[in-house]
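Participant: Following this line is run.cif, made up of mmCIF, C-alpha atoms:
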```
data_run
#
loop_
_atom_site.label_atom_id
_atom_site.label_comp_id
_atom_site.auth_asym_id
_atom_site.auth_seq_id
_atom_site.Cartn_x
_atom_site.Cartn_y
_atom_site.Cartn_z
CA MET A 1 19.31 2.61 -83.83
CA LEU A 2 22.83 3.83 -83.21
CA ALA A 3 21.43 6.90 -81.52
CA SER A 4 19.29 4.77 -79.21
CA TYR A 5 22.27 2.60 -78.27
CA SER A 6 24.35 5.68 -77.64
CA PHE A 7 21.64 7.14 -75.37
CA PHE A 8 21.32 3.83 -73.47
CA SER A 9 25.10 3.61 -72.99
CA SER A 10 25.16 7.18 -71.78
CA CYS A 11 22.51 6.39 -69.17
CA CYS A 12 24.36 3.30 -68.02
CA ARG A 13 27.56 5.25 -67.59
CA ARG A 14 25.69 7.67 -65.39
CA LEU A 15 24.16 5.00 -63.17
CA PRO A 16 27.19 4.60 -60.89
CA SER A 17 27.14 8.30 -60.03
CA VAL A 18 23.39 8.09 -59.35
CA ALA A 19 24.02 5.04 -57.21
CA ARG A 20 26.75 6.85 -55.38
CA LEU A 21 24.40 9.76 -54.87
CA THR A 22 21.74 7.37 -53.57
CA VAL A 23 24.23 5.67 -51.30
CA GLY A 24 25.51 9.02 -50.25
CA SER A 25 21.97 10.14 -49.42
CA ARG A 26 21.41 7.02 -47.40
CA ALA A 27 24.70 7.55 -45.63
CA LEU A 28 23.61 11.05 -44.79
CA CYS A 29 20.34 9.72 -43.44
CA THR A 30 22.18 7.07 -41.47
CA GLU A 31 24.55 9.64 -40.08
CA ALA A 32 21.63 11.84 -39.12
CA GLY A 33 20.02 8.85 -37.39
CA ASP A 34 23.25 8.06 -35.58
CA ALA A 35 23.50 11.66 -34.44
CA SER A 36 20.03 11.52 -32.91
CA ALA A 37 20.82 8.15 -31.35
CA THR A 38 23.90 9.56 -29.63
CA ARG A 39 22.05 12.64 -28.48
CA PRO A 40 21.86 12.54 -24.66
CA PRO A 41 18.46 11.30 -23.40
CA LEU A 42 16.12 13.79 -21.83
CA LYS A 43 16.71 13.98 -18.12
CA PRO A 44 13.74 12.98 -15.97
CA ALA A 45 12.15 15.79 -14.03
CA VAL A 46 14.00 16.35 -10.79
CA ARG A 47 11.73 15.39 -7.92
CA LEU A 48 11.20 18.11 -5.36
CA VAL A 49 12.22 17.69 -1.76
CA ASP A 50 9.08 17.72 0.36
CA PHE A 51 7.03 15.73 2.87
CA SER A 52 5.66 13.38 0.18
CA ARG A 53 9.06 11.66 0.08
CA LEU A 54 8.40 10.30 3.58
CA ASP A 55 6.39 7.18 4.36
CA VAL A 56 4.80 8.14 7.67
CA ARG A 57 2.07 5.93 9.07
CA VAL A 58 0.04 5.53 12.20
CA GLY A 59 1.53 2.85 14.41
CA ARG A 60 0.42 1.27 17.65
CA ILE A 61 3.01 0.25 20.24
CA THR A 62 2.33 -3.35 21.22
CA THR A 63 5.43 -4.23 23.25
CA CYS A 64 7.96 -2.23 25.21
CA ALA A 65 11.14 -3.31 26.97
CA VAL A 66 14.39 -1.67 28.03
CA HIS A 67 17.34 -2.47 25.75
CA PRO A 68 19.49 -5.12 27.49
CA GLU A 69 22.72 -3.28 26.64
CA ASN A 70 21.63 0.34 27.08
CA ASP A 71 19.13 1.29 29.77
CA SER A 72 18.34 4.64 28.14
CA TRP A 73 16.74 2.93 25.12
CA TYR A 74 13.49 1.08 24.68
CA ILE A 75 12.96 -1.72 22.21
CA LEU A 76 9.43 -1.29 20.91
CA GLY A 77 7.18 -3.49 18.82
CA VAL A 78 5.06 -1.28 16.57
CA ASP A 79 2.10 -2.37 14.46
CA VAL A 80 1.94 -0.26 11.27
CA GLY A 81 -0.64 -2.35 9.44
CA GLU A 82 1.83 -4.80 7.91
CA GLU A 83 2.04 -8.58 8.28
CA TYR A 84 4.84 -8.22 10.82
CA GLU A 85 5.44 -5.60 13.48
CA ARG A 86 8.32 -3.16 13.18
CA SER A 87 11.07 -3.20 15.78
CA VAL A 88 12.02 0.29 16.89
CA VAL A 89 14.88 1.30 19.15
CA SER A 90 14.04 4.63 20.74
CA GLY A 91 15.73 6.75 23.40
CA LEU A 92 12.53 7.53 25.29
CA VAL A 93 13.35 5.94 28.66
CA LYS A 94 13.92 9.34 30.29
CA HIS A 95 10.71 10.77 28.88
CA CYS A 96 8.05 8.03 28.96
CA THR A 97 7.27 5.05 31.16
CA GLU A 98 6.53 1.66 29.68
CA LYS A 99 2.95 2.02 30.86
CA GLU A 100 2.58 5.31 28.97
CA LEU A 101 3.91 3.73 25.79
CA ASN A 102 2.00 0.45 25.71
CA ASN A 103 -0.90 0.52 23.24
CA ARG A 104 -0.17 4.13 22.28
CA LEU A 105 -0.74 5.43 18.74
CA VAL A 106 2.38 7.01 17.25
CA ALA A 107 3.64 8.69 14.07
CA THR A 108 5.97 6.11 12.53
CA PHE A 109 8.59 7.07 9.94
CA CYS A 110 8.61 3.80 7.99
CA ASN A 111 11.02 4.35 5.08
CA LEU A 112 13.96 5.46 7.18
CA LYS A 113 17.00 3.30 6.50
CA LYS A 114 17.31 0.42 8.95
CA SER A 115 19.92 0.76 11.68
CA THR A 116 21.39 -1.48 14.34
CA PHE A 117 21.73 -0.27 17.93
CA ARG A 118 23.86 -2.53 20.08
CA SER A 119 22.86 -5.66 18.14
CA MET A 120 19.18 -4.65 17.98
CA LEU A 121 17.74 -3.80 14.57
CA SER A 122 15.55 -0.71 14.31
CA THR A 123 13.30 -0.59 11.25
CA ALA A 124 11.50 2.72 11.79
CA MET A 125 11.52 5.88 13.87
CA LEU A 126 8.86 7.51 16.01
CA PHE A 127 8.28 11.21 15.46
CA CYS A 128 8.61 13.32 18.59
CA ALA A 129 8.32 16.99 19.38
CA VAL A 130 11.48 18.35 20.96
CA LYS A 131 12.17 21.58 22.82
CA ASP A 132 15.29 22.00 24.92
CA ASP A 133 15.44 18.84 27.06
CA ASN A 134 11.75 18.07 26.67
CA VAL A 135 10.66 15.27 24.34
CA GLU A 136 7.07 14.28 23.57
CA LEU A 137 5.64 11.75 21.15
CA LEU A 138 3.30 13.29 18.60
CA ALA A 139 -0.36 12.68 19.40
CA ILE A 140 -2.51 10.83 16.85
CA PRO A 141 -6.33 11.09 16.61
CA GLU A 142 -7.82 8.16 18.53
CA ALA A 143 -10.05 7.16 15.59
CA CYS A 144 -6.96 6.22 13.55
CA LYS A 145 -5.84 2.64 13.05
CA PRO A 146 -2.38 1.16 12.39
CA GLY A 147 -1.27 1.70 8.82
CA ASP A 148 -3.25 4.90 8.22
CA ARG A 149 -1.23 7.42 6.22
CA ILE A 150 0.08 10.57 7.88
CA PHE A 151 0.51 13.33 5.34
CA VAL A 152 0.44 16.99 4.37
CA LYS A 153 -2.57 17.60 2.13
CA GLN A 154 -0.78 20.05 -0.15
CA PHE A 155 1.84 17.40 -0.94
CA MET A 156 -0.56 14.57 -1.77
CA ASN A 157 -0.96 14.60 -5.55
CA GLU A 158 0.32 12.87 -8.69
CA GLU A 159 3.06 15.45 -9.21
CA CYS A 160 4.54 14.68 -5.81
CA GLY A 161 4.65 10.93 -6.38
CA PRO A 162 4.89 8.08 -3.86
CA PRO A 163 7.27 7.97 -0.89
CA ASP A 164 10.89 7.00 -1.53
CA ALA A 165 11.77 3.35 -1.00
CA VAL A 166 14.44 4.25 1.57
CA ILE A 167 15.65 7.50 3.09
CA ASN A 168 19.18 7.66 4.44
CA PRO A 169 19.24 9.80 7.60
CA LYS A 170 22.82 10.85 6.82
CA LYS A 171 21.94 12.37 3.45
CA SER A 172 20.84 15.95 2.75
CA LEU A 173 17.31 14.91 1.71
CA TRP A 174 16.27 14.03 5.26
CA ALA A 175 18.11 17.01 6.75
CA SER A 176 16.27 19.35 4.39
CA ILE A 177 12.84 17.92 5.18
CA GLN A 178 13.48 17.70 8.90
CA SER A 179 14.53 21.34 9.09
CA GLU A 180 10.96 22.35 8.16
CA LEU A 181 9.17 20.02 10.57
CA LYS A 182 7.87 21.98 13.54
CA VAL A 183 5.22 22.24 16.21
CA GLU A 184 3.36 25.54 16.58
CA ASN A 185 0.42 26.01 18.92
CA HIS A 186 0.36 22.26 19.58
CA ILE A 187 -0.06 21.44 15.86
CA ALA A 188 2.56 19.42 14.00
CA SER A 189 3.42 21.09 10.70
CA TYR A 190 5.63 21.06 7.65
CA ARG A 191 6.36 24.43 6.01
CA ASN A 192 3.64 25.84 8.28
CA LEU A 193 1.09 23.41 6.81
CA PRO A 194 -0.60 20.97 9.21
CA ILE A 195 0.44 17.34 9.28
CA ILE A 196 -2.77 15.31 9.26
CA THR A 197 -4.48 11.94 9.02
CA ASP A 198 -7.89 11.21 7.52
CA GLN A 199 -9.22 11.54 11.07
CA GLY A 200 -7.70 14.93 11.91
CA LYS A 201 -4.52 16.78 12.77
CA VAL A 202 -1.39 15.41 14.40
CA THR A 203 -0.75 17.38 17.57
CA THR A 204 1.10 17.53 20.88
CA LEU A 205 -0.46 17.40 24.35
CA LYS A 206 2.19 19.26 26.33
CA LEU A 207 4.72 21.08 24.18
CA GLN A 208 3.24 24.16 22.57
CA SER A 209 6.15 24.56 20.14
CA GLY A 210 9.35 22.87 19.11
CA THR A 211 11.03 20.88 16.36
CA ILE A 212 10.13 17.39 15.17
CA SER A 213 12.62 14.56 14.95
#
```
Would you write out, as structure tokens, the structure that this file holds?
Facilitator:
Amino acid sequence: MLASYSFFSSCCRRLPSVARLTVGSRALCTEAGDASATRPPLKPAVRLVDFSRLDVRVGRITTCAVHPENDSWYILGVDVGEEYERSVVSGLVKHCTEKELNNRLVATFCNLKKSTFRSMLSTAMLFCAVKDDNVELLAIPEACKPGDRIFVKQFMNEECGPPDAVINPKKSLWASIQSELKVENHIASYRNLPIITDQGKVTTLKLQSGTIS
């Protein structure tokens, strides 16, 4: 009986050290958990800079008037398939007459950051081919309708993702994309790949080559 009591007492005396070991083990586990919690999160994949970042749609010019404070600018109303038309301030007075612009289909850069030109808000930009002093609006297939997407087929997939919400024209993203927008043999292209709609290619009628802006 004495031996049993002695054994029991011995076990009890050892319990604190076992408890400390258990607590210590838990502390180690907790510390390991804390270490993983403080580990920096995985960075999201960096999105590539390409044409898919742009929201470019077919628009139809519905109204055209000279800017009241600058006679080298037009104020255009452009239907891009939304509830309300976009207002666009464009320096096309020297290159197109109002008659040439009315009802014309155009390539409309819709997610460009809004800007104000002499108190007039511009909520999009029209893509033009430019060479030297010559400026020409890009030509859209006649079967298109306002709101149709303008795209580069090779950059229309899940990996590319949707267009950005807003693109700041003063940032490097737009400068990088714009530098690879060109016209060759009357075909608008990005990285030498044709810019298209579901109804066909985006082209020019006059300028055989040039940049796009």
Participant: Which one of A:Val202, A:Ile150, A:Leu181, A:Ala165 sits closest to Val80 in chain A if you count all atoms listed in the file?
Facilitator: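 Checking each candidate against Val80 in chain A, we get A:Ile150 as the closest.
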Participant: Residue by residue, what does the PyMOL selection byres ((chain A and resi 59) around 8) grab here? Present the result as number ranges by chain.
Facilitator: A: 57-58, 60-61, 78-81, 105-108, 145-147
Participant: Given the choices A:Ser179, A:Lys114, A:Glu98, A:Ile167, which gets closest to Leu76 in chain A if the distance is worked out from all atoms listed in the file?
Facilitator: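 Once distances to Leu76 in chain A are computed over all atoms listed in the file, the minimum belongs to A:Glu98.
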Participant: To verify the selection step, state as a PyMOL selection string which residues the PyMOL selection byres ((chain A and resi 168) around 9) yields on this input.
Facilitator: chain A and resi 111-114+166-167+169-174
Participant: Using 10 Å as the limit and counting only C-alpha atoms, can you tabulate each residue of range 133-211 of chain A that touches range 51-55 of chain A, with its shortest atom-to-atom distance in Å and the two atoms involved, as a tab-separated table?
Facilitator:
```
residue	atom	partner	partner_atom	distance
A:Arg149	CA	A:Asp55	CA	7.8
A:Ile150	CA	A:Asp55	CA	8.0
A:Phe151	CA	A:Ser52	CA	7.3
A:Val152	CA	A:Phe51	CA	6.9
A:Lys153	CA	A:Ser52	CA	9.5
A:Gln154	CA	A:Ser52	CA	9.3
A:Phe155	CA	A:Ser52	CA	5.7
A:Met156	CA	A:Ser52	CA	6.6
A:Asn157	CA	A:Ser52	CA	8.8
A:Glu159	CA	A:Ser52	CA	10.0
A:Cys160	CA	A:Ser52	CA	6.2
A:Gly161	CA	A:Ser52	CA	7.1
A:Pro162	CA	A:Ser52	CA	6.7
A:Pro163	CA	A:Arg53	CA	4.2
A:Asp164	CA	A:Arg53	CA	5.3
A:Ala165	CA	A:Asp55	CA	8.5
A:Val166	CA	A:Leu54	CA	8.8
A:Ile167	CA	A:Leu54	CA	7.8
A:Leu173	CA	A:Arg53	CA	9.0
A:Trp174	CA	A:Leu54	CA	8.9
A:Ile177	CA	A:Phe51	CA	6.6
A:Gln178	CA	A:Phe51	CA	9.0
A:Glu180	CA	A:Phe51	CA	9.3
A:Leu181	CA	A:Phe51	CA	9.1
A:Tyr190	CA	A:Phe51	CA	7.3
A:Arg191	CA	A:Phe51	CA	9.3
A:Ile195	CA	A:Phe51	CA	9.3
```
Participant: Report the distance between CA of Pro141 in chain A and CA of His186 in chain A in Å, rounded to one decimal place.
Facilitator: 13.4 Å
Participant: Residues around (7.6, 2.3, 25.6), cut-off 8 Å, counting all atoms listed in the file - what are they as a list in words?
Facilitator: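 Protein, DNA and RNA residues close to (7.6, 2.3, 25.6): Ile61, Thr63, Cys64, Ala65, Tyr74, Ile75, Leu76, Leu92, Val93, Cys96, Thr97, Glu98, Lys99, Glu100, Leu101 and Asn102 of chain A.
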Participant: Residues within 6 Å of Trp73 in chain A, please, as a PyMOL selection string. Count only C-alpha atoms; anything in the same chain fewer than 5 positions from it doesn't count.
Facilitator: chain A and resi 66-67+90-91+93
Participant: Go through the shown structure with the PyMOL selection byres ((chain A and resi 132) around 12) and write out the matching residues as a PyMOL selection string.
Facilitator: chain A and resi 129-131+133-136+207+209-212
Participant: Mind giving me the straight-line distance from CA of Ala188 in chain A to CA of Lys201 in chain A in Å, one decimal?
Facilitator: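 Interatomic distance, CA of Ala188 in chain A to CA of Lys201 in chain A: 7.7 Å.
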Participant: Using all atoms listed in the file for the distances, tell me which of A:Asp148, A:Val49, A:Gln208, A:Thr62 is nearest to Ala175 in chain A.
Facilitator: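 Residue with the minimum atom-to-atom distance to Ala175 in chain A: A:Val49.
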Participant: What separation in Å, quoted to one decimal, exists between CA of Leu138 in chain A and CA of Val89 in chain A?
Facilitator: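 Separation of CA of Leu138 in chain A and CA of Val89 in chain A: 16.7 Å.
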Participant: List the residues sitting within 6 Å of (9.1, 8.6, 9.9) in the file's frame, using only C-alpha atoms, as JSON, numbers by chain.
Facilitator: {"A": [56, 108, 109, 110, 125]}
Participant: Ranking A:Cys144, A:Ala139, A:Val88, A:Cys128 by minimum distance to Lys182 in chain A and counting only C-alpha atoms, which one comes first?
Facilitator: A:Cys128
